[in-house]
Amino acid sequence: MATDATVGGGVSTAKPAAATPKKMFDREGLGRAAEAVVIPLGALLVSLVLFGIFVAFAGINPIDVYNYMIVGSVGSWFSIQNTLTRASPLILTALCTALPAQAGLMIIGGEGAFVVGGLSAIAIGLPLAAHAPVMIVQIVMAVTGMAAGAAWIAIAGALRHWRGVNETISSLLLTYISIAIFNHVVEGVMRDPASLNKPSTHPLPAADLIGNIPGMDVHWGLVYGIVFCIAAYILFFHTTFGFAARMVGGNPRAARLAGLPVGRIVLIVTALAGAAAGLAGMVEVAAVQGAASATMAAGYGFTGILVAFLARQNPLAVIPVAFLFGGIGASGGLLQRRLDMPDASVLVLQGIIFVMILASETLFGRFRIFRPKEN
Amino acid sequence: MAAIAGTLPASKALAATTTVGFVYVGPRDDFGYNQAHAEGAAALKKMSGVKVVEEERVPETVQVAKTMESMINLDGASLLFPTSFGYFNPYILDEAKKFPKVRFEHAGGLWTAKNPKNVGSYFGYIFEGQYINGIVAGYASKSGKLGFVAAKPIPQVLQNINAFTLGAQSVNPKATTQVIFTGDWSLPVKEAEATNSMIDQGIDVLTMHVDSPKVVVQTAAKRGAMICGYHCSQAALAPEAYLTGAEWNWTDLYPKFVAMWMKGEEIPNFYRGAFKEGLIKQSPFGPKVSAEAKKHADDVKAKLTAGTYVIFKGPLKDNTGNVVVAAGSELIQTNASDEKLESMHFLVDGVKGSLPA
């Protein structure tokens with residue numbers, strides 16, 4: 001993985017930042033930015049070392065493990081595309097947790113919005129495909145998927161605001177409901193009678209599928225995700241609405257006293273979150289699977305939660321963290337094949353990274369180097 | 001296609017070893033579907049000039065597409081066995097078009113003439129084995145009440161439930177089978193609940209069609225019930241309670257296919273069969289199986305192996321009283337073009353349970 005190089009890069013940008021005489025404000029800002037990069041990367045590095053110790057106990061040479069991780073994730077153009085393909089659904093599902101977190105909400109129901117988004121998209125895409133041009137079909141499917149996902153997570157937001165229901169629990173329970181509805185519909189009214197032993201909807205015509213980015217074997221879903229992240233970052237960190245939302249997250253009571261429409265903000269934020277995961281579901285149907293079947297609920301929504309936490313709920317940081325997870329997934333297969341490691345070892349690595357990054361949160365503010373001397 | 005076939009022997013002569021890739025949807029030590037395939041893969045490791053690479057717990061998403069590509073690009077695999085049913089469409093079909101020189105062998109029997117020629121799909125009519133299970137269960141059960149823990153009401157599962165019930169009824173006409181559908185292929189908690197609730201109702205022999213029978217086998221054995229296995233042998237999990245089991249015989253098929261591939265021979269695109277073709281086998285009988293039951297089961301198995309025995313024979317009624325197979329007609333169990341068999345959507349008389357409309 002390219003982590004070592006990036007760690008070096010992070011440190012080197014930090015040092016000149018402290019040395020260059022600039023205005024106080026800039027030095028402080030740069031110091032914070034460096035801190036936000038260096039601490040998680042340090043935690044990642046420690047995780048890799050711990051994982052190395054773990055595999056050494058299992059009788060496997062850690063150097064081989066690191067080597068295959070690099071080969072499998074970024075070692076060739078094929079591996080890079082493999083990583084990107086695996087990362088692309090995670091970017092959008094991670095936003096389903098990261099965006100509400102800005103407003104102080106802990107949503108873990110991205111899987112539900114993903115499934116509902118995919119189902120709605122194909123429900124409208126199938127009848128439309130026969131009558132409309134490709135562009136229209138795809139846009140309508142994307143909008144429908146986003147709207148359905150938005151409505152789904154907004155339920156959790158509404159329950160939270162008006163009924164005081166804990167949004168973490170309700171969004172998780174909504175996931176189970178969504179998967180049950182999904183299976184009921186796919187194995188019932190929308191079932192393609194020809195799909196005997198794998199109940200699925202009718203397939204979308206091949207011409208209506210979302211294609212690959214030119215020159216790459218990666219579908220456009222990756223670009224949708226990156227655009228969504230950047231837009232979300234601008235919305236939350238560079239607009240009045242975003243400031244208001246983050247104020248709600250900081251202290252809802254104070255926000256209400258300040259005259260902010262807390263209910264509306266909660267609804268909009270949860271809807272945006274659901275829209276992200278709903279779009280991921282639409283992409284899964286329209287770019288990958290071509291039809292909806294029970295394999296839709298493959299856990300992208302749940303992995304997205306991990307990605308969001310590791311990105312410290314920052315929409316921009318979601319992108320590299322999703323790449324990291326894509327890379328771990330891409331190289332995990334190679335570890336199994338070359339070193340005969342069980343798939344569970346990849347879960348161990350993910351677990352170690354998760355714990356280390358969460359633990360590293362306590363380190364923020366403890367290193368002088370990131371804080372210019374106060375006069 | 002002919003041109004590609006022509007270049008194959010040359011390209012293979014260059015490679016000293018043939019790399020064969022296996023992809024599993026679950027853990028390969030699951031005492032079930034995946035283990036049966038992994039045992040087949042293990043049989044290849046004894047062949048000279050063959051290198052086996054394996055990857056487990058690969059979901060039926062783009063991840064399996066990437067795993068296949070990774071095996072081809074990074075490991076140099078020329079023959080792949082992506083074993084899960086759901087890998088076929090679209091993933092195997094897409095990859096087969098991308099890599100026309102690589103051979104894809106899929107378990108599921110889904111290949112049609114419209115699909116790429118470098119794809120094969122094989123499958124066994126394993127419900128013949130469930131019929132034998134039913135005969136043994138019919139003798140072993142004291143209550144005449146049998147249980148079936150099933151994943152989904154799809155044709156392959158219904159064939160198993162019906163064959164198991166008919167097998168038991170051939171011994172004890174009053175035998176009934178309670179079926180519980182858990183809804184998915186791997187839901188251990190629901191499988192345990194279903195097993196317990198059936199044993200509470202007085203059911204004393206259980207079988208199943210889920211990806212890993214482990215939970216059902218262990219739960220039933222702990223409660224003192226008897227078990228007929230599925231996918232591979234679970235005798236090691238319950239040496240006393242295990243009666244027999246319907247097993248895949250991939251250890252026989254895979255070395256054959258790989259040998260054909262290495263010699264440059266054509267592997268059939270569509271290959272299905274049962275006892276007769278050696279695609280399935282029966283677990284050795286457990287200690288609780290009576291001599292009479294053994295003899296009866298072995299007799300029927302001999303007839304199935306000879307191809308002279310039909311399981312779904314009219315007149316046959318479903319459990320709502322409709323005639324599903326008319327008197328005098330038969331669903332020949334090894335006839336893949338039998339629409340009625342392939343799209344089976346009924347539960348025979350004696351099965352307690354219902355299907356979605």
# chains A, B, ... in the order shown; residues from 1 in each chain; ligands from 1
$ residues_around --residues "Ala194 of chain B" --least-positions-apart "4" --cutoff "12 Å" --atoms "only C-alpha atoms" --output "PyMOL selection string"
chain B and resi 147-151+178-183+187-190+198-201+203+206-208+215-217+219-220
$ write_last_selection --atoms "N, CA and C atoms" --output "PDB file, in the first residue's frame"
ATOM      1  N   GLY B 147     -38.696 -33.772   9.602  1.00  0.00           N
ATOM      2  CA  GLY B 147     -38.530 -32.324   9.487  1.00  0.00           C
ATOM      3  C   GLY B 147     -37.541 -31.956   8.394  1.00  0.00           C
ATOM      4  N   PHE B 148     -37.783 -30.802   7.740  1.00  0.00           N
ATOM      5  CA  PHE B 148     -36.908 -30.331   6.664  1.00  0.00           C
ATOM      6  C   PHE B 148     -36.666 -28.835   6.855  1.00  0.00           C
ATOM      7  N   VAL B 149     -35.414 -28.462   7.134  1.00  0.00           N
ATOM      8  CA  VAL B 149     -35.068 -27.047   7.247  1.00  0.00           C
ATOM      9  C   VAL B 149     -34.580 -26.588   5.870  1.00  0.00           C
ATOM     10  N   ALA B 150     -35.328 -25.669   5.257  1.00  0.00           N
ATOM     11  CA  ALA B 150     -35.041 -25.281   3.878  1.00  0.00           C
ATOM     12  C   ALA B 150     -34.759 -23.793   3.798  1.00  0.00           C
ATOM     13  N   ALA B 151     -33.961 -23.397   2.807  1.00  0.00           N
ATOM     14  CA  ALA B 151     -33.609 -21.989   2.654  1.00  0.00           C
ATOM     15  C   ALA B 151     -34.726 -21.227   1.949  1.00  0.00           C
ATOM     16  N   GLN B 178     -42.566 -31.940   7.983  1.00  0.00           N
ATOM     17  CA  GLN B 178     -42.786 -30.516   8.284  1.00  0.00           C
ATOM     18  C   GLN B 178     -41.648 -29.740   7.644  1.00  0.00           C
ATOM     19  N   VAL B 179     -41.993 -28.711   6.846  1.00  0.00           N
ATOM     20  CA  VAL B 179     -40.922 -27.911   6.253  1.00  0.00           C
ATOM     21  C   VAL B 179     -40.952 -26.509   6.841  1.00  0.00           C
ATOM     22  N   ILE B 180     -39.767 -25.966   7.120  1.00  0.00           N
ATOM     23  CA  ILE B 180     -39.663 -24.559   7.529  1.00  0.00           C
ATOM     24  C   ILE B 180     -38.661 -23.886   6.595  1.00  0.00           C
ATOM     25  N   PHE B 181     -39.113 -22.809   5.946  1.00  0.00           N
ATOM     26  CA  PHE B 181     -38.227 -22.016   5.091  1.00  0.00           C
ATOM     27  C   PHE B 181     -37.622 -20.895   5.927  1.00  0.00           C
ATOM     28  N   THR B 182     -36.291 -20.830   5.951  1.00  0.00           N
ATOM     29  CA  THR B 182     -35.655 -19.773   6.741  1.00  0.00           C
ATOM     30  C   THR B 182     -35.572 -18.474   5.951  1.00  0.00           C
ATOM     31  N   GLY B 183     -35.570 -18.557   4.633  1.00  0.00           N
ATOM     32  CA  GLY B 183     -35.550 -17.348   3.811  1.00  0.00           C
ATOM     33  C   GLY B 183     -34.211 -17.065   3.149  1.00  0.00           C
ATOM     34  N   LEU B 187     -28.478 -18.719   7.558  1.00  0.00           N
ATOM     35  CA  LEU B 187     -29.058 -17.987   8.687  1.00  0.00           C
ATOM     36  C   LEU B 187     -29.016 -18.905   9.909  1.00  0.00           C
ATOM     37  N   PRO B 188     -27.832 -19.050  10.519  1.00  0.00           N
ATOM     38  CA  PRO B 188     -27.658 -20.057  11.576  1.00  0.00           C
ATOM     39  C   PRO B 188     -28.684 -19.959  12.708  1.00  0.00           C
ATOM     40  N   VAL B 189     -29.022 -18.727  13.121  1.00  0.00           N
ATOM     41  CA  VAL B 189     -29.937 -18.595  14.259  1.00  0.00           C
ATOM     42  C   VAL B 189     -31.320 -19.137  13.900  1.00  0.00           C
ATOM     43  N   LYS B 190     -31.806 -18.765  12.722  1.00  0.00           N
ATOM     44  CA  LYS B 190     -33.122 -19.254  12.294  1.00  0.00           C
ATOM     45  C   LYS B 190     -33.107 -20.764  12.089  1.00  0.00           C
ATOM     46  N   MET B 198     -39.161 -27.862  15.583  1.00  0.00           N
ATOM     47  CA  MET B 198     -39.646 -29.102  14.982  1.00  0.00           C
ATOM     48  C   MET B 198     -39.486 -30.273  15.954  1.00  0.00           C
ATOM     49  N   ILE B 199     -38.382 -30.286  16.676  1.00  0.00           N
ATOM     50  CA  ILE B 199     -38.178 -31.378  17.643  1.00  0.00           C
ATOM     51  C   ILE B 199     -39.211 -31.267  18.772  1.00  0.00           C
ATOM     52  N   ASP B 200     -39.551 -30.020  19.147  1.00  0.00           N
ATOM     53  CA  ASP B 200     -40.601 -29.825  20.157  1.00  0.00           C
ATOM     54  C   ASP B 200     -41.937 -30.408  19.698  1.00  0.00           C
ATOM     55  N   GLN B 201     -42.161 -30.457  18.391  1.00  0.00           N
ATOM     56  CA  GLN B 201     -43.426 -30.998  17.865  1.00  0.00           C
ATOM     57  C   GLN B 201     -43.398 -32.527  17.744  1.00  0.00           C
ATOM     58  N   ILE B 203     -40.974 -34.280  16.083  1.00  0.00           N
ATOM     59  CA  ILE B 203     -40.244 -34.725  14.893  1.00  0.00           C
ATOM     60  C   ILE B 203     -38.937 -35.381  15.338  1.00  0.00           C
ATOM     61  N   LEU B 206     -34.477 -35.311  10.976  1.00  0.00           N
ATOM     62  CA  LEU B 206     -34.439 -34.057  10.228  1.00  0.00           C
ATOM     63  C   LEU B 206     -33.430 -34.127   9.095  1.00  0.00           C
ATOM     64  N   THR B 207     -33.736 -33.380   8.050  1.00  0.00           N
ATOM     65  CA  THR B 207     -32.736 -33.122   7.026  1.00  0.00           C
ATOM     66  C   THR B 207     -32.879 -31.667   6.634  1.00  0.00           C
ATOM     67  N   MET B 208     -32.120 -31.223   5.653  1.00  0.00           N
ATOM     68  CA  MET B 208     -32.078 -29.791   5.383  1.00  0.00           C
ATOM     69  C   MET B 208     -31.582 -29.508   3.969  1.00  0.00           C
ATOM     70  N   VAL B 215     -25.320 -26.343  11.743  1.00  0.00           N
ATOM     71  CA  VAL B 215     -26.143 -25.926  12.884  1.00  0.00           C
ATOM     72  C   VAL B 215     -27.312 -26.894  13.089  1.00  0.00           C
ATOM     73  N   VAL B 216     -27.974 -27.269  12.010  1.00  0.00           N
ATOM     74  CA  VAL B 216     -29.111 -28.181  12.120  1.00  0.00           C
ATOM     75  C   VAL B 216     -28.634 -29.522  12.685  1.00  0.00           C
ATOM     76  N   VAL B 217     -27.527 -30.016  12.163  1.00  0.00           N
ATOM     77  CA  VAL B 217     -27.015 -31.323  12.594  1.00  0.00           C
ATOM     78  C   VAL B 217     -26.678 -31.297  14.084  1.00  0.00           C
ATOM     79  N   THR B 219     -27.600 -29.137  16.443  1.00  0.00           N
ATOM     80  CA  THR B 219     -28.757 -28.861  17.297  1.00  0.00           C
ATOM     81  C   THR B 219     -29.603 -30.117  17.448  1.00  0.00           C
ATOM     82  N   ALA B 220     -29.867 -30.781  16.333  1.00  0.00           N
ATOM     83  CA  ALA B 220     -30.725 -31.965  16.371  1.00  0.00           C
ATOM     84  C   ALA B 220     -30.064 -33.072  17.199  1.00  0.00           C
TER      85      ALA B 220
END
$ residues_around --residues "Gly327 of chain A" --least-positions-apart "4" --cutoff "8 Å" --atoms "only C-alpha atoms" --output "PDB file with C-alpha atoms, in the first residue's frame"
ATOM      1  CA  MET A   1       0.000   0.000   0.000  1.00  0.00           C
ATOM      2  CA  MET A  69      -1.009  -6.556  -0.056  1.00  0.00           C
ATOM      3  CA  GLY A  72      -2.935  -7.055  -4.849  1.00  0.00           C
ATOM      4  CA  SER A  73      -4.065  -3.498  -4.207  1.00  0.00           C
ATOM      5  CA  VAL A  74      -1.810  -1.147  -6.202  1.00  0.00           C
ATOM      6  CA  ILE A  80      -5.545  -0.467  -9.001  1.00  0.00           C
ATOM      7  CA  ASN A  82      -9.733  -3.795  -8.745  1.00  0.00           C
ATOM      8  CA  THR A  83      -9.264  -1.539  -5.711  1.00  0.00           C
ATOM      9  CA  LEU A  84     -11.260   1.297  -7.254  1.00  0.00           C
ATOM     10  CA  ARG A  86     -14.431  -2.345  -4.754  1.00  0.00           C
ATOM     11  CA  ALA A  87     -14.189   1.126  -3.249  1.00  0.00           C
ATOM     12  CA  PHE A 323      -9.874   3.245  -1.413  1.00  0.00           C
ATOM     13  CA  SER A 331      -5.450  -7.841  -1.773  1.00  0.00           C
TER      14      SER A 331
END
$ closest_atom_pairs --of "chain B" --to "chain A" --cutoff "6 Å" --atoms "only C-alpha atoms" --output "JSON lines"
{"residue": "B:Val53", "atom": "CA", "partner": "A:Arg337", "partner_atom": "CA", "distance": 5.1}
{"residue": "B:Glu54", "atom": "CA", "partner": "A:Arg337", "partner_atom": "CA", "distance": 5.4}
{"residue": "B:Glu55", "atom": "CA", "partner": "A:Gln336", "partner_atom": "CA", "distance": 5.9}
{"residue": "B:Ile154", "atom": "CA", "partner": "A:Asn197", "partner_atom": "CA", "distance": 5.3}
$ select_by_dssp --residues "segment 43-230 of chain A" --states "strand (DSSP E or B)" --output "short mmCIF file (atom, residue, chain, number, x, y, z; two decimals) with C-alpha atoms, in the first residue's frame"
data_model
loop_
_atom_site.label_atom_id
_atom_site.label_comp_id
_atom_site.auth_asym_id
_atom_site.auth_seq_id
_atom_site.Cartn_x
_atom_site.Cartn_y
_atom_site.Cartn_z
CA ARG A 191 -39.99 -11.82 -10.10
CA SER A 200 -34.54 -11.98 -9.53
CA THR A 201 -36.35 -9.19 -11.29
CA ASN A 212 -17.27 2.05 -17.61
CA HIS A 219 -17.88 1.89 -13.83
#
$ select_by_dssp --residues "segment 85-144 of chain A" --states "helix (DSSP H, G or I)" --output "PyMOL selection string"
chain A and resi 85-102+110-129+134-144
$ write_last_selection --atoms "C-alpha atoms" --output "PDB file, in the first residue's frame"
ATOM      1  CA  THR A  85     -14.136  -0.982  -8.265  1.00  0.00           C
ATOM      2  CA  ARG A  86     -14.431  -2.345  -4.754  1.00  0.00           C
ATOM      3  CA  ALA A  87     -14.189   1.126  -3.249  1.00  0.00           C
ATOM      4  CA  SER A  88     -16.894   2.733  -5.327  1.00  0.00           C
ATOM      5  CA  PRO A  89     -20.049   1.494  -3.522  1.00  0.00           C
ATOM      6  CA  LEU A  90     -18.385   2.150  -0.164  1.00  0.00           C
ATOM      7  CA  ILE A  91     -17.867   5.846  -0.883  1.00  0.00           C
ATOM      8  CA  LEU A  92     -21.607   6.413  -1.206  1.00  0.00           C
ATOM      9  CA  THR A  93     -22.729   4.134   1.603  1.00  0.00           C
ATOM     10  CA  ALA A  94     -20.172   5.735   3.937  1.00  0.00           C
ATOM     11  CA  LEU A  95     -21.778   9.119   3.308  1.00  0.00           C
ATOM     12  CA  CYS A  96     -24.999   7.677   4.703  1.00  0.00           C
ATOM     13  CA  THR A  97     -23.294   7.609   8.102  1.00  0.00           C
ATOM     14  CA  ALA A  98     -20.872  10.515   7.681  1.00  0.00           C
ATOM     15  CA  LEU A  99     -23.401  13.199   6.695  1.00  0.00           C
ATOM     16  CA  PRO A 100     -25.885  12.734   9.560  1.00  0.00           C
ATOM     17  CA  ALA A 101     -22.891  12.643  11.914  1.00  0.00           C
ATOM     18  CA  GLN A 102     -22.306  16.305  11.007  1.00  0.00           C
ATOM     19  CA  GLY A 110     -27.193   2.606   4.946  1.00  0.00           C
ATOM     20  CA  GLU A 111     -27.793  -0.995   3.901  1.00  0.00           C
ATOM     21  CA  GLY A 112     -31.546  -0.354   4.014  1.00  0.00           C
ATOM     22  CA  ALA A 113     -31.357   2.765   1.859  1.00  0.00           C
ATOM     23  CA  PHE A 114     -29.033   0.909  -0.526  1.00  0.00           C
ATOM     24  CA  VAL A 115     -31.531  -1.926  -0.980  1.00  0.00           C
ATOM     25  CA  VAL A 116     -34.566   0.359  -1.231  1.00  0.00           C
ATOM     26  CA  GLY A 117     -32.728   2.607  -3.697  1.00  0.00           C
ATOM     27  CA  GLY A 118     -31.782  -0.324  -5.906  1.00  0.00           C
ATOM     28  CA  LEU A 119     -35.272  -1.794  -5.848  1.00  0.00           C
ATOM     29  CA  SER A 120     -37.006   1.504  -6.664  1.00  0.00           C
ATOM     30  CA  ALA A 121     -34.526   2.249  -9.415  1.00  0.00           C
ATOM     31  CA  ILE A 122     -35.164  -1.022 -11.189  1.00  0.00           C
ATOM     32  CA  ALA A 123     -38.898  -0.804 -10.561  1.00  0.00           C
ATOM     33  CA  ILE A 124     -38.998   2.417 -12.583  1.00  0.00           C
ATOM     34  CA  GLY A 125     -36.171   1.504 -14.956  1.00  0.00           C
ATOM     35  CA  LEU A 126     -37.743  -1.691 -16.304  1.00  0.00           C
ATOM     36  CA  PRO A 127     -40.997  -0.180 -17.646  1.00  0.00           C
ATOM     37  CA  LEU A 128     -39.169   2.960 -18.772  1.00  0.00           C
ATOM     38  CA  ALA A 129     -36.392   1.157 -20.645  1.00  0.00           C
ATOM     39  CA  VAL A 134     -30.748   5.559 -22.327  1.00  0.00           C
ATOM     40  CA  MET A 135     -29.874   8.939 -20.834  1.00  0.00           C
ATOM     41  CA  ILE A 136     -33.412   9.493 -19.573  1.00  0.00           C
ATOM     42  CA  VAL A 137     -33.659   5.949 -18.218  1.00  0.00           C
ATOM     43  CA  GLN A 138     -30.455   6.358 -16.240  1.00  0.00           C
ATOM     44  CA  ILE A 139     -31.298   9.798 -14.912  1.00  0.00           C
ATOM     45  CA  VAL A 140     -34.783   8.745 -13.858  1.00  0.00           C
ATOM     46  CA  MET A 141     -33.393   5.610 -12.226  1.00  0.00           C
ATOM     47  CA  ALA A 142     -30.754   7.601 -10.352  1.00  0.00           C
ATOM     48  CA  VAL A 143     -33.256  10.211  -9.182  1.00  0.00           C
ATOM     49  CA  THR A 144     -35.731   7.526  -8.112  1.00  0.00           C
TER      50      THR A 144
END
$ residues_around --residues "Ala65 of chain B" --least-positions-apart "3" --cutoff "7 Å" --atoms "only C-alpha atoms" --output "PyMOL selection string"
chain B and resi 62+68-69+91+95
$ write_last_selection --atoms "N, CA and C atoms" --output "mmCIF file, in the first residue's frame"
data_model
loop_
_atom_site.group_PDB
_atom_site.id
_atom_site.type_symbol
_atom_site.label_atom_id
_atom_site.label_comp_id
_atom_site.auth_asym_id
_atom_site.auth_seq_id
_atom_site.Cartn_x
_atom_site.Cartn_y
_atom_site.Cartn_z
ATOM 1 N N VAL B 62 -19.836 -7.751 -7.738
ATOM 2 C CA VAL B 62 -18.698 -7.489 -8.607
ATOM 3 C C VAL B 62 -17.415 -8.090 -8.005
ATOM 4 N N MET B 68 -12.183 -13.459 -10.037
ATOM 5 C CA MET B 68 -11.861 -14.273 -11.216
ATOM 6 C C MET B 68 -10.754 -13.607 -12.030
ATOM 7 N N GLU B 69 -10.891 -12.285 -12.246
ATOM 8 C CA GLU B 69 -9.875 -11.567 -13.028
ATOM 9 C C GLU B 69 -8.518 -11.629 -12.339
ATOM 10 N N TYR B 91 -21.815 -12.444 -13.816
ATOM 11 C CA TYR B 91 -20.361 -12.357 -13.627
ATOM 12 C C TYR B 91 -19.572 -13.335 -14.501
ATOM 13 N N GLU B 95 -17.153 -12.341 -17.712
ATOM 14 C CA GLU B 95 -15.724 -12.659 -17.694
ATOM 15 C C GLU B 95 -15.361 -13.595 -18.851
#
$ closest_residue --among "B:Pro255, B:Ala274, B:Gly286, B:Phe312" --to "Ala238 of chain B" --atoms "only C-alpha atoms"
B:Gly286
$ closest_residue --among "B:Thr308, B:Lys114, B:Phe31, B:Glu60" --to "Leu237 of chain B" --atoms "only C-alpha atoms"
B:Phe31
$ atom_distance --atom1 "atom CA of Cys228 of chain B" --atom2 "atom CA of Glu240 of chain B"
11.7 Å
$ residues_around --residues "Arg103 of chain B" --least-positions-apart "4" --cutoff "7 Å" --atoms "only C-alpha atoms" --output "NGL selection string"
:B and (78-80 or 118-119)
$ residues_around --residues "Asp298 of chain B" --least-positions-apart "2" --cutoff "12 Å" --atoms "only C-alpha atoms" --output "PyMOL selection string"
chain B and resi 129+131-133+135-136+244+275+281-285+291-296+300-305
